[in-house]
file work_20.cif (mmCIF, C-alpha atoms, pLDDT in the B column; chains and numbers go by the auth columns)
data_start
#
loop_
_atom_site.group_PDB
_atom_site.id
_atom_site.type_symbol
_atom_site.label_atom_id
_atom_site.label_comp_id
_atom_site.label_asym_id
_atom_site.label_seq_id
_atom_site.Cartn_x
_atom_site.Cartn_y
_atom_site.Cartn_z
_atom_site.B_iso_or_equiv
_atom_site.auth_seq_id
_atom_site.auth_asym_id
ATOM 1 C CA MET A 1 -3.078 -10.796 -27.424 52.00 1 W
ATOM 2 C CA PRO A 2 -3.231 -11.838 -23.743 65.00 2 W
ATOM 3 C CA ARG A 3 -6.638 -12.813 -22.458 63.00 3 W
ATOM 4 C CA LYS A 4 -8.278 -11.974 -19.167 69.00 4 W
ATOM 5 C CA PRO A 5 -8.912 -14.960 -16.911 67.00 5 W
ATOM 6 C CA GLN A 6 -12.611 -15.764 -16.643 66.00 6 W
ATOM 7 C CA GLN A 7 -12.831 -19.250 -15.153 79.00 7 W
ATOM 8 C CA GLN A 8 -11.465 -20.197 -11.753 84.00 8 W
ATOM 9 C CA ARG A 9 -8.712 -22.367 -13.215 84.00 9 W
ATOM 10 C CA ALA A 10 -7.417 -19.450 -15.282 82.00 10 W
ATOM 11 C CA LYS A 11 -7.601 -17.104 -12.300 88.00 11 W
ATOM 12 C CA THR A 12 -5.612 -19.611 -10.243 91.00 12 W
ATOM 13 C CA THR A 13 -2.965 -19.751 -12.968 92.00 13 W
ATOM 14 C CA VAL A 14 -2.671 -15.965 -13.072 93.00 14 W
ATOM 15 C CA SER A 15 -2.421 -15.833 -9.287 93.00 15 W
ATOM 16 C CA SER A 16 0.356 -18.438 -9.394 95.00 16 W
ATOM 17 C CA ILE A 17 2.219 -16.394 -12.001 95.00 17 W
ATOM 18 C CA VAL A 18 2.034 -13.236 -9.885 95.00 18 W
ATOM 19 C CA GLU A 19 3.132 -15.113 -6.759 95.00 19 W
ATOM 20 C CA ALA A 20 6.044 -16.680 -8.642 96.00 20 W
ATOM 21 C CA ALA A 21 7.056 -13.303 -10.039 95.00 21 W
ATOM 22 C CA MET A 22 7.094 -11.843 -6.533 94.00 22 W
ATOM 23 C CA ILE A 23 9.368 -14.658 -5.354 94.00 23 W
ATOM 24 C CA VAL A 24 11.792 -14.149 -8.242 94.00 24 W
ATOM 25 C CA LEU A 25 11.780 -10.355 -7.878 93.00 25 W
ATOM 26 C CA ALA A 26 12.293 -10.507 -4.110 91.00 26 W
ATOM 27 C CA THR A 27 15.091 -13.070 -4.221 91.00 27 W
ATOM 28 C CA GLN A 28 16.942 -12.104 -7.396 92.00 28 W
ATOM 29 C CA GLY A 29 16.084 -8.453 -8.000 90.00 29 W
ATOM 30 C CA PRO A 30 14.928 -6.943 -11.299 90.00 30 W
ATOM 31 C CA LYS A 31 17.998 -8.128 -13.222 90.00 31 W
ATOM 32 C CA GLY A 32 17.188 -11.712 -12.338 90.00 32 W
ATOM 33 C CA VAL A 33 13.570 -11.594 -13.489 92.00 33 W
ATOM 34 C CA THR A 34 12.688 -13.266 -16.775 94.00 34 W
ATOM 35 C CA THR A 35 9.390 -14.655 -17.962 94.00 35 W
ATOM 36 C CA ARG A 36 10.977 -18.110 -18.180 95.00 36 W
ATOM 37 C CA LYS A 37 12.119 -17.993 -14.552 96.00 37 W
ATOM 38 C CA ILE A 38 8.670 -16.840 -13.476 96.00 38 W
ATOM 39 C CA ALA A 39 7.052 -19.671 -15.404 95.00 39 W
ATOM 40 C CA ASP A 40 9.467 -22.226 -13.933 96.00 40 W
ATOM 41 C CA VAL A 41 8.704 -21.114 -10.358 96.00 41 W
ATOM 42 C CA ALA A 42 4.976 -21.105 -11.140 95.00 42 W
ATOM 43 C CA GLY A 43 5.271 -24.639 -12.499 95.00 43 W
ATOM 44 C CA ILE A 44 3.897 -23.791 -15.933 94.00 44 W
ATOM 45 C CA GLY A 45 5.225 -23.456 -19.449 93.00 45 W
ATOM 46 C CA VAL A 46 6.333 -20.011 -20.557 94.00 46 W
ATOM 47 C CA GLY A 47 3.665 -20.169 -23.263 92.00 47 W
ATOM 48 C CA SER A 48 1.004 -20.350 -20.563 91.00 48 W
ATOM 49 C CA LEU A 49 2.389 -17.158 -19.030 94.00 49 W
ATOM 50 C CA TYR A 50 2.104 -15.360 -22.371 93.00 50 W
ATOM 51 C CA GLU A 51 -1.553 -16.316 -22.539 91.00 51 W
ATOM 52 C CA TYR A 52 -2.186 -13.748 -19.798 92.00 52 W
ATOM 53 C CA PHE A 53 0.777 -11.327 -19.916 93.00 53 W
ATOM 54 C CA GLU A 54 2.412 -9.778 -22.965 91.00 54 W
ATOM 55 C CA ASN A 55 5.707 -9.148 -21.254 90.00 55 W
ATOM 56 C CA ARG A 56 7.544 -8.842 -17.953 89.00 56 W
ATOM 57 C CA GLU A 57 6.304 -5.277 -17.440 90.00 57 W
ATOM 58 C CA GLN A 58 2.690 -6.424 -17.333 91.00 58 W
ATOM 59 C CA VAL A 59 3.663 -8.927 -14.662 92.00 59 W
ATOM 60 C CA TYR A 60 5.205 -6.070 -12.650 91.00 60 W
ATOM 61 C CA ASP A 61 1.903 -4.199 -12.950 91.00 61 W
ATOM 62 C CA ALA A 62 0.129 -7.248 -11.534 92.00 62 W
ATOM 63 C CA ILE A 63 2.617 -7.444 -8.642 92.00 63 W
ATOM 64 C CA PHE A 64 2.046 -3.804 -7.711 89.00 64 W
ATOM 65 C CA GLU A 65 -1.709 -4.300 -7.968 91.00 65 W
ATOM 66 C CA ARG A 66 -1.487 -7.360 -5.677 92.00 66 W
ATOM 67 C CA LEU A 67 0.506 -5.355 -3.123 90.00 67 W
ATOM 68 C CA VAL A 68 -2.132 -2.611 -3.090 91.00 68 W
ATOM 69 C CA GLN A 69 -4.999 -5.107 -2.860 93.00 69 W
ATOM 70 C CA ASP A 70 -3.424 -6.858 0.111 93.00 70 W
ATOM 71 C CA ALA A 71 -2.766 -3.521 1.827 93.00 71 W
ATOM 72 C CA VAL A 72 -6.441 -2.641 1.402 95.00 72 W
ATOM 73 C CA LYS A 73 -7.455 -6.040 2.791 95.00 73 W
ATOM 74 C CA THR A 74 -5.251 -5.351 5.809 94.00 74 W
ATOM 75 C CA ILE A 75 -6.665 -1.872 6.442 95.00 75 W
ATOM 76 C CA GLN A 76 -10.381 -2.508 5.870 96.00 76 W
ATOM 77 C CA PRO A 77 -11.036 -4.781 8.891 96.00 77 W
ATOM 78 C CA LEU A 78 -8.900 -2.538 11.105 96.00 78 W
ATOM 79 C CA ILE A 79 -11.126 0.517 10.640 96.00 79 W
ATOM 80 C CA PRO A 80 -13.522 -0.219 13.562 96.00 80 W
ATOM 81 C CA GLU A 81 -10.518 -0.548 15.886 96.00 81 W
ATOM 82 C CA LEU A 82 -8.630 2.454 14.517 96.00 82 W
ATOM 83 C CA VAL A 83 -11.525 4.891 14.868 96.00 83 W
ATOM 84 C CA ARG A 84 -11.604 4.234 18.613 96.00 84 W
ATOM 85 C CA LEU A 85 -8.002 5.328 19.091 96.00 85 W
ATOM 86 C CA SER A 86 -6.449 8.757 19.392 94.00 86 W
ATOM 87 C CA ILE A 87 -5.317 10.185 16.063 93.00 87 W
ATOM 88 C CA ARG A 88 -1.686 9.578 16.876 94.00 88 W
ATOM 89 C CA GLU A 89 -2.234 5.976 17.940 96.00 89 W
ATOM 90 C CA ALA A 90 -4.499 5.302 14.960 95.00 90 W
ATOM 91 C CA VAL A 91 -1.871 6.452 12.467 94.00 91 W
ATOM 92 C CA ARG A 92 0.928 4.621 14.232 94.00 92 W
ATOM 93 C CA THR A 93 -1.086 1.397 14.589 95.00 93 W
ATOM 94 C CA LEU A 94 -2.032 1.524 10.911 94.00 94 W
ATOM 95 C CA LEU A 95 1.556 1.922 9.785 93.00 95 W
ATOM 96 C CA LEU A 96 2.848 -0.849 12.018 92.00 96 W
ATOM 97 C CA LYS A 97 0.140 -3.224 10.756 92.00 97 W
ATOM 98 C CA LEU A 98 1.217 -2.476 7.204 90.00 98 W
ATOM 99 C CA ARG A 99 4.798 -3.213 8.181 88.00 99 W
ATOM 100 C CA GLU A 100 3.673 -6.608 9.518 89.00 100 W
ATOM 101 C CA LEU A 101 2.178 -7.339 6.094 90.00 101 W
ATOM 102 C CA LEU A 102 5.352 -6.301 4.318 86.00 102 W
ATOM 103 C CA MET A 103 7.523 -8.475 6.534 86.00 103 W
ATOM 104 C CA GLU A 104 5.556 -11.662 5.865 84.00 104 W
ATOM 105 C CA ASN A 105 7.304 -14.489 3.997 83.00 105 W
ATOM 106 C CA ASP A 106 10.775 -13.293 5.003 83.00 106 W
ATOM 107 C CA GLY A 107 10.109 -9.745 3.863 84.00 107 W
ATOM 108 C CA ARG A 108 9.057 -10.704 0.332 88.00 108 W
ATOM 109 C CA TYR A 109 6.510 -7.910 0.082 87.00 109 W
ATOM 110 C CA LEU A 110 9.014 -5.397 1.377 86.00 110 W
ATOM 111 C CA MET A 111 11.501 -6.319 -1.334 87.00 111 W
ATOM 112 C CA CYS A 112 8.798 -6.122 -3.993 87.00 112 W
ATOM 113 C CA VAL A 113 7.684 -2.697 -2.763 83.00 113 W
ATOM 114 C CA ARG A 114 11.254 -1.504 -3.229 82.00 114 W
ATOM 115 C CA TYR A 115 11.186 -2.492 -6.888 83.00 115 W
ATOM 116 C CA ALA A 116 7.616 -2.643 -8.177 71.00 116 W
ATOM 117 C CA PRO A 117 6.747 1.102 -8.147 69.00 117 W
ATOM 118 C CA HIS A 118 9.769 1.787 -10.370 76.00 118 W
ATOM 119 C CA LEU A 119 9.136 -1.145 -12.723 80.00 119 W
ATOM 120 C CA ALA A 120 5.356 -1.058 -13.115 76.00 120 W
ATOM 121 C CA GLN A 121 3.818 0.826 -16.028 79.00 121 W
ATOM 122 C CA ARG A 122 0.601 1.600 -14.170 79.00 122 W
ATOM 123 C CA ASN A 123 0.012 3.114 -10.744 76.00 123 W
ATOM 124 C CA PRO A 124 -2.848 1.217 -9.030 79.00 124 W
ATOM 125 C CA LEU A 125 -2.824 3.200 -5.776 83.00 125 W
ATOM 126 C CA GLU A 126 -6.404 4.466 -6.031 88.00 126 W
ATOM 127 C CA PRO A 127 -7.946 1.584 -3.995 91.00 127 W
ATOM 128 C CA LEU A 128 -5.463 2.335 -1.199 90.00 128 W
ATOM 129 C CA ARG A 129 -6.294 6.025 -1.197 90.00 129 W
ATOM 130 C CA LYS A 130 -9.995 5.171 -1.252 93.00 130 W
ATOM 131 C CA VAL A 131 -9.826 2.973 1.869 94.00 131 W
ATOM 132 C CA LEU A 132 -7.722 5.590 3.670 92.00 132 W
ATOM 133 C CA THR A 133 -10.338 8.217 2.808 93.00 133 W
ATOM 134 C CA GLU A 134 -13.005 5.884 4.186 95.00 134 W
ATOM 135 C CA LEU A 135 -10.975 5.558 7.382 94.00 135 W
ATOM 136 C CA LEU A 136 -10.768 9.348 7.679 93.00 136 W
ATOM 137 C CA MET A 137 -14.511 9.783 7.173 94.00 137 W
ATOM 138 C CA GLN A 138 -15.405 7.138 9.741 95.00 138 W
ATOM 139 C CA TYR A 139 -12.917 8.600 12.205 94.00 139 W
ATOM 140 C CA VAL A 140 -14.490 12.051 11.907 93.00 140 W
ATOM 141 C CA MET A 141 -17.978 10.571 12.279 94.00 141 W
ATOM 142 C CA ARG A 142 -16.935 8.955 15.561 95.00 142 W
ATOM 143 C CA HIS A 143 -15.066 12.098 16.704 92.00 143 W
ATOM 144 C CA PRO A 144 -17.232 14.927 15.329 91.00 144 W
ATOM 145 C CA GLN A 145 -15.147 17.602 17.047 88.00 145 W
ATOM 146 C CA TYR A 146 -12.668 17.210 14.207 87.00 146 W
ATOM 147 C CA MET A 147 -15.270 18.544 11.812 87.00 147 W
ATOM 148 C CA GLN A 148 -14.156 21.906 13.212 86.00 148 W
ATOM 149 C CA VAL A 149 -10.618 21.483 11.873 82.00 149 W
ATOM 150 C CA PRO A 150 -10.093 24.183 9.229 80.00 150 W
ATOM 151 C CA ASN A 151 -9.776 22.859 5.683 83.00 151 W
ATOM 152 C CA LEU A 152 -10.380 19.293 6.877 84.00 152 W
ATOM 153 C CA ALA A 153 -10.924 17.868 3.384 87.00 153 W
ATOM 154 C CA THR A 154 -7.793 19.564 2.047 90.00 154 W
ATOM 155 C CA MET A 155 -5.657 18.484 4.974 88.00 155 W
ATOM 156 C CA GLY A 156 -6.997 14.936 4.715 89.00 156 W
ATOM 157 C CA TYR A 157 -6.088 14.858 1.029 91.00 157 W
ATOM 158 C CA ILE A 158 -2.573 16.133 1.752 91.00 158 W
ATOM 159 C CA HIS A 159 -1.946 13.672 4.576 90.00 159 W
ATOM 160 C CA ILE A 160 -3.304 10.660 2.675 89.00 160 W
ATOM 161 C CA HIS A 161 -1.434 11.335 -0.563 87.00 161 W
ATOM 162 C CA GLY A 162 1.690 12.714 1.084 89.00 162 W
ATOM 163 C CA GLY A 163 1.791 9.958 3.681 88.00 163 W
ATOM 164 C CA THR A 164 1.336 7.234 1.057 85.00 164 W
ATOM 165 C CA PHE A 165 4.162 8.647 -1.042 85.00 165 W
ATOM 166 C CA THR A 166 6.425 9.062 1.992 90.00 166 W
ATOM 167 C CA VAL A 167 5.922 5.478 3.182 88.00 167 W
ATOM 168 C CA ILE A 168 6.523 4.039 -0.301 83.00 168 W
ATOM 169 C CA ARG A 169 9.585 6.240 -0.748 84.00 169 W
ATOM 170 C CA HIS A 170 10.965 5.097 2.609 88.00 170 W
ATOM 171 C CA LEU A 171 10.348 1.427 1.867 82.00 171 W
ATOM 172 C CA ALA A 172 11.924 1.761 -1.574 79.00 172 W
ATOM 173 C CA ASP A 173 15.109 3.183 -0.074 84.00 173 W
ATOM 174 C CA PRO A 174 17.597 0.403 0.793 82.00 174 W
ATOM 175 C CA THR A 175 19.349 2.759 3.218 90.00 175 W
ATOM 176 C CA PRO A 176 16.651 5.094 4.590 90.00 176 W
ATOM 177 C CA PRO A 177 17.753 7.985 6.829 93.00 177 W
ATOM 178 C CA MET A 178 15.548 6.760 9.670 94.00 178 W
ATOM 179 C CA SER A 179 13.940 3.524 10.873 93.00 179 W
ATOM 180 C CA PHE A 180 10.354 2.631 10.007 92.00 180 W
ATOM 181 C CA ASP A 181 9.422 3.124 13.679 93.00 181 W
ATOM 182 C CA GLU A 182 10.812 6.653 13.538 95.00 182 W
ATOM 183 C CA LEU A 183 8.922 7.319 10.318 94.00 183 W
ATOM 184 C CA ALA A 184 5.686 6.003 11.865 94.00 184 W
ATOM 185 C CA ASP A 185 6.185 8.204 14.929 95.00 185 W
ATOM 186 C CA GLY A 186 6.914 11.219 12.755 95.00 186 W
ATOM 187 C CA LEU A 187 3.850 10.788 10.558 94.00 187 W
ATOM 188 C CA ALA A 188 1.656 10.111 13.599 93.00 188 W
ATOM 189 C CA ASP A 189 2.955 13.244 15.312 93.00 189 W
ATOM 190 C CA MET A 190 2.430 15.333 12.173 92.00 190 W
ATOM 191 C CA VAL A 191 -1.181 14.277 11.649 91.00 191 W
ATOM 192 C CA SER A 192 -1.993 14.626 15.350 91.00 192 W
ATOM 193 C CA TYR A 193 -0.350 18.036 15.596 89.00 193 W
ATOM 194 C CA CYS A 194 -2.234 19.286 12.546 87.00 194 W
ATOM 195 C CA ALA A 195 -5.619 18.094 13.847 84.00 195 W
ATOM 196 C CA GLU A 196 -5.177 19.162 17.458 85.00 196 W
ATOM 197 C CA GLY A 197 -3.497 22.414 16.483 80.00 197 W
ATOM 198 C CA GLY A 198 -6.340 23.190 14.112 70.00 198 W
ATOM 199 C CA LEU A 199 -8.856 22.724 16.902 76.00 199 W
ATOM 200 C CA ARG A 200 -6.859 24.916 19.260 78.00 200 W
ATOM 201 C CA ASP A 201 -6.534 27.672 16.676 69.00 201 W
ATOM 202 C CA ARG A 202 -10.245 27.482 15.908 70.00 202 W
ATOM 203 C CA ALA A 203 -11.099 27.738 19.599 67.00 203 W
ATOM 204 C CA ALA A 204 -8.767 30.724 19.975 68.00 204 W
ATOM 205 C CA GLY A 205 -10.333 32.450 16.994 64.00 205 W
ATOM 206 C CA LEU A 206 -7.128 32.333 14.967 55.00 206 W
ATOM 207 C CA ARG A 207 -8.816 30.715 11.963 52.00 207 W
#
call {"tool": "encode", "arguments": {"input": "work_20.cif", "output": "structure tokens"}}
result
Amino acid sequence: MPRKPQQQRAKTTVSSIVEAAMIVLATQGPKGVTTRKIADVAGIGVGSLYEYFENREQVYDAIFERLVQDAVKTIQPLIPELVRLSIREAVRTLLLKLRELLMENDGRYLMCVRYAPHLAQRNPLEPLRKVLTELLMQYVMRHPQYMQVPNLATMGYIHIHGGTFTVIRHLADPTPPMSFDELADGLADMVSYCAEGGLRDRAAGLR
């Protein structure tokens, strides 16, 4: 049975395996991924890989988890900057920063995002949703007028979950119907329209 890495050396080995798996997945696609290829790229024996992963599917889980962790690490330090922007600019800036992350290393993350959600057995998106909820809460604290938006918690839930799914779906599509810039503009407009429209309706006594 695979063991969890406890010491730093073991954690480094696991990290190398995940990084190697991302390289193989991004460059050769799912059909080209084998545990032996991953081990070769990681510079270890295949037996060492099986010390930590039972099969290829568990490695895919680790890839997806790494993608989510790095997205969270990108978002977290941006929160103080984002809360100072208009809603539209905050959403658009956030999405474009995530695109920068995905395009690193010749688009390796982007290619992995296209495959990993379909190959992974687990869905580790909760940390991403948690940091986006934190961003929403801090934004409202800095702009308390948005506390007046009807059904704020519900709308926040819908936008966070729906937006996350939409972005992943777009990135997973090799021939999306619009560019990422157009998607970012559309999501930014939608969130802004909902918030500003809610305030206007509240002020007019429509809600």
call {"tool": "closest_residue", "arguments": {"input": "work_20.cif", "among": "W:Glu54, W:Leu102, W:Ile17, W:Tyr109", "to": "Ala42 (chain W)", "atoms": "all atoms listed in the file"}}
result
W:Ile17
call {"tool": "closest_residue", "arguments": {"input": "work_20.cif", "among": "W:Thr27, W:Gln69, W:Thr175, W:Thr154", "to": "Met111 (chain W)", "atoms": "all atoms listed in the file"}}
result
W:Thr27
call {"tool": "axis_aligned_box", "arguments": {"input": "work_20.cif", "around": "region 139-154 of chain W", "padding_each_side": "8 Å", "output": "lines of an AutoDock Vina configuration file"}}
result
center_x = -12.9
center_y = 16.4
center_z = 9.5
size_x = 26.2
size_y = 31.6
size_z = 31.0
call {"tool": "atom_distance", "arguments": {"input": "work_20.cif", "atom1": "CA of Ile23 (chain W)", "atom2": "CA of Ala172 (chain W)"}}
result
17.0 Å
call {"tool": "closest_residue", "arguments": {"input": "work_20.cif", "among": "W:Met103, W:Leu136, W:Leu199, W:Ala62", "to": "Gln148 (chain W)", "atoms": "only C-alpha atoms"}}
result
W:Leu199
call {"tool": "resolve_selection", "arguments": {"input": "work_20.cif", "expression": "the PyMOL selection byres ((chain W and resi 187) around 10)", "output": "list in words"}}
result
Arg88, Val91, Arg92, Leu95, His159, Gly162, Gly163, Thr166, Val167, Asp181, Glu182, Leu183, Ala184, Asp185, Gly186, Ala188, Asp189, Met190, Val191, Ser192 and Tyr193 of chain W
call {"tool": "closest_residue", "arguments": {"input": "work_20.cif", "among": "W:Gly47, W:Pro30, W:Pro127, W:Pro174", "to": "Ile75 (chain W)", "atoms": "only C-alpha atoms"}}
result
W:Pro127
call {"tool": "atom_distance", "arguments": {"input": "work_20.cif", "atom1": "CA of Gly29 (chain W)", "atom2": "CA of His161 (chain W)"}}
result
27.5 Å
call {"tool": "closest_residue", "arguments": {"input": "work_20.cif", "among": "W:Gly107, W:Pro176, W:Pro124, W:Pro80", "to": "Gln138 (chain W)", "atoms": "all atoms listed in the file"}}
result
W:Pro80
call {"tool": "residues_around", "arguments": {"input": "work_20.cif", "residues": "Arg114 (chain W)", "least_positions_apart": "6", "cutoff": "9 Å", "atoms": "only C-alpha atoms", "output": "list in words"}}
result
Ile168, Arg169, His170, Leu171, Ala172, Asp173 and Pro174 of chain W
call {"tool": "resolve_selection", "arguments": {"input": "work_20.cif", "expression": "the PyMOL selection byres ((chain W and resi 121) around 12)", "output": "list of chain:residue names"}}
result
W:Asn55, W:Arg56, W:Glu57, W:Gln58, W:Val59, W:Tyr60, W:Asp61, W:Ala62, W:Ile63, W:Phe64, W:Glu65, W:Ala116, W:Pro117, W:His118, W:Leu119, W:Ala120, W:Arg122, W:Asn123, W:Pro124
call {"tool": "build_atoms", "arguments": {"input": "work_20.cif", "residues": "region 53-63 of chain W", "atoms": "all heavy atoms", "output": "PDB file, in the coordinates of the input"}}
result
ATOM      1  N   PHE W  53      -0.087 -12.505 -20.017  1.00 93.00           N
ATOM      2  CA  PHE W  53       0.777 -11.327 -19.916  1.00 93.00           C
ATOM      3  C   PHE W  53       1.609 -11.196 -21.187  1.00 93.00           C
ATOM      4  O   PHE W  53       2.232 -12.168 -21.620  1.00 93.00           O
ATOM      5  CB  PHE W  53       1.713 -11.445 -18.704  1.00 93.00           C
ATOM      6  CG  PHE W  53       0.991 -11.535 -17.380  1.00 93.00           C
ATOM      7  CD1 PHE W  53       0.762 -12.770 -16.786  1.00 93.00           C
ATOM      8  CD2 PHE W  53       0.546 -10.385 -16.742  1.00 93.00           C
ATOM      9  CE1 PHE W  53       0.101 -12.866 -15.570  1.00 93.00           C
ATOM     10  CE2 PHE W  53      -0.125 -10.469 -15.520  1.00 93.00           C
ATOM     11  CZ  PHE W  53      -0.351 -11.713 -14.939  1.00 93.00           C
ATOM     12  N   GLU W  54       1.640  -9.998 -21.748  1.00 91.00           N
ATOM     13  CA  GLU W  54       2.412  -9.778 -22.965  1.00 91.00           C
ATOM     14  C   GLU W  54       3.910  -9.799 -22.697  1.00 91.00           C
ATOM     15  O   GLU W  54       4.700 -10.236 -23.538  1.00 91.00           O
ATOM     16  CB  GLU W  54       2.054  -8.428 -23.594  1.00 91.00           C
ATOM     17  CG  GLU W  54       0.726  -8.410 -24.323  1.00 91.00           C
ATOM     18  CD  GLU W  54       0.496  -7.094 -25.038  1.00 91.00           C
ATOM     19  OE1 GLU W  54       1.334  -6.169 -24.891  1.00 91.00           O
ATOM     20  OE2 GLU W  54      -0.509  -6.980 -25.738  1.00 91.00           O
ATOM     21  N   ASN W  55       4.290  -9.298 -21.539  1.00 90.00           N
ATOM     22  CA  ASN W  55       5.707  -9.148 -21.254  1.00 90.00           C
ATOM     23  C   ASN W  55       5.926  -9.071 -19.743  1.00 90.00           C
ATOM     24  O   ASN W  55       4.977  -9.132 -18.956  1.00 90.00           O
ATOM     25  CB  ASN W  55       6.263  -7.889 -21.935  1.00 90.00           C
ATOM     26  CG  ASN W  55       5.385  -6.672 -21.677  1.00 90.00           C
ATOM     27  OD1 ASN W  55       4.930  -6.451 -20.555  1.00 90.00           O
ATOM     28  ND2 ASN W  55       5.145  -5.885 -22.715  1.00 90.00           N
ATOM     29  N   ARG W  56       7.163  -8.912 -19.364  1.00 89.00           N
ATOM     30  CA  ARG W  56       7.544  -8.842 -17.953  1.00 89.00           C
ATOM     31  C   ARG W  56       6.941  -7.615 -17.272  1.00 89.00           C
ATOM     32  O   ARG W  56       6.557  -7.659 -16.098  1.00 89.00           O
ATOM     33  CB  ARG W  56       9.067  -8.801 -17.869  1.00 89.00           C
ATOM     34  CG  ARG W  56       9.653  -8.861 -16.500  1.00 89.00           C
ATOM     35  CD  ARG W  56      11.162  -8.927 -16.575  1.00 89.00           C
ATOM     36  NE  ARG W  56      11.706  -7.847 -17.395  1.00 89.00           N
ATOM     37  CZ  ARG W  56      13.007  -7.679 -17.638  1.00 89.00           C
ATOM     38  NH1 ARG W  56      13.883  -8.530 -17.149  1.00 89.00           N
ATOM     39  NH2 ARG W  56      13.433  -6.676 -18.369  1.00 89.00           N
ATOM     40  N   GLU W  57       6.827  -6.509 -18.009  1.00 90.00           N
ATOM     41  CA  GLU W  57       6.304  -5.277 -17.440  1.00 90.00           C
ATOM     42  C   GLU W  57       4.848  -5.429 -16.999  1.00 90.00           C
ATOM     43  O   GLU W  57       4.442  -4.873 -15.972  1.00 90.00           O
ATOM     44  CB  GLU W  57       6.444  -4.125 -18.441  1.00 90.00           C
ATOM     45  CG  GLU W  57       7.863  -3.604 -18.608  1.00 90.00           C
ATOM     46  CD  GLU W  57       8.797  -4.622 -19.260  1.00 90.00           C
ATOM     47  OE1 GLU W  57       8.318  -5.397 -20.114  1.00 90.00           O
ATOM     48  OE2 GLU W  57       9.988  -4.648 -18.897  1.00 90.00           O
ATOM     49  N   GLN W  58       4.077  -6.177 -17.745  1.00 91.00           N
ATOM     50  CA  GLN W  58       2.690  -6.424 -17.333  1.00 91.00           C
ATOM     51  C   GLN W  58       2.635  -7.270 -16.065  1.00 91.00           C
ATOM     52  O   GLN W  58       1.722  -7.101 -15.251  1.00 91.00           O
ATOM     53  CB  GLN W  58       1.909  -7.093 -18.465  1.00 91.00           C
ATOM     54  CG  GLN W  58       1.538  -6.149 -19.582  1.00 91.00           C
ATOM     55  CD  GLN W  58       0.522  -6.759 -20.536  1.00 91.00           C
ATOM     56  OE1 GLN W  58       0.145  -7.938 -20.423  1.00 91.00           O
ATOM     57  NE2 GLN W  58       0.048  -5.966 -21.472  1.00 91.00           N
ATOM     58  N   VAL W  59       3.597  -8.140 -15.898  1.00 92.00           N
ATOM     59  CA  VAL W  59       3.663  -8.927 -14.662  1.00 92.00           C
ATOM     60  C   VAL W  59       3.995  -8.005 -13.486  1.00 92.00           C
ATOM     61  O   VAL W  59       3.431  -8.135 -12.398  1.00 92.00           O
ATOM     62  CB  VAL W  59       4.691 -10.063 -14.771  1.00 92.00           C
ATOM     63  CG1 VAL W  59       4.714 -10.870 -13.473  1.00 92.00           C
ATOM     64  CG2 VAL W  59       4.378 -10.970 -15.950  1.00 92.00           C
ATOM     65  N   TYR W  60       4.896  -7.041 -13.701  1.00 91.00           N
ATOM     66  CA  TYR W  60       5.205  -6.070 -12.650  1.00 91.00           C
ATOM     67  C   TYR W  60       3.958  -5.283 -12.260  1.00 91.00           C
ATOM     68  O   TYR W  60       3.731  -5.000 -11.075  1.00 91.00           O
ATOM     69  CB  TYR W  60       6.287  -5.094 -13.128  1.00 91.00           C
ATOM     70  CG  TYR W  60       7.661  -5.685 -13.261  1.00 91.00           C
ATOM     71  CD1 TYR W  60       8.506  -5.295 -14.304  1.00 91.00           C
ATOM     72  CD2 TYR W  60       8.143  -6.619 -12.354  1.00 91.00           C
ATOM     73  CE1 TYR W  60       9.782  -5.826 -14.431  1.00 91.00           C
ATOM     74  CE2 TYR W  60       9.411  -7.158 -12.482  1.00 91.00           C
ATOM     75  CZ  TYR W  60      10.223  -6.752 -13.530  1.00 91.00           C
ATOM     76  OH  TYR W  60      11.485  -7.279 -13.649  1.00 91.00           O
ATOM     77  N   ASP W  61       3.160  -4.901 -13.250  1.00 91.00           N
ATOM     78  CA  ASP W  61       1.903  -4.199 -12.950  1.00 91.00           C
ATOM     79  C   ASP W  61       1.027  -5.047 -12.028  1.00 91.00           C
ATOM     80  O   ASP W  61       0.422  -4.538 -11.082  1.00 91.00           O
ATOM     81  CB  ASP W  61       1.130  -3.906 -14.248  1.00 91.00           C
ATOM     82  CG  ASP W  61       1.746  -2.789 -15.074  1.00 91.00           C
ATOM     83  OD1 ASP W  61       2.571  -2.031 -14.532  1.00 91.00           O
ATOM     84  OD2 ASP W  61       1.398  -2.683 -16.263  1.00 91.00           O
ATOM     85  N   ALA W  62       0.956  -6.348 -12.334  1.00 92.00           N
ATOM     86  CA  ALA W  62       0.129  -7.248 -11.534  1.00 92.00           C
ATOM     87  C   ALA W  62       0.680  -7.394 -10.118  1.00 92.00           C
ATOM     88  O   ALA W  62      -0.084  -7.513  -9.153  1.00 92.00           O
ATOM     89  CB  ALA W  62       0.036  -8.618 -12.212  1.00 92.00           C
ATOM     90  N   ILE W  63       2.009  -7.384  -9.970  1.00 92.00           N
ATOM     91  CA  ILE W  63       2.617  -7.444  -8.642  1.00 92.00           C
ATOM     92  C   ILE W  63       2.223  -6.223  -7.827  1.00 92.00           C
ATOM     93  O   ILE W  63       1.793  -6.334  -6.670  1.00 92.00           O
ATOM     94  CB  ILE W  63       4.152  -7.528  -8.734  1.00 92.00           C
ATOM     95  CG1 ILE W  63       4.601  -8.880  -9.281  1.00 92.00           C
ATOM     96  CG2 ILE W  63       4.793  -7.290  -7.363  1.00 92.00           C
ATOM     97  CD1 ILE W  63       6.092  -8.984  -9.518  1.00 92.00           C
TER      98      ILE W  63
END
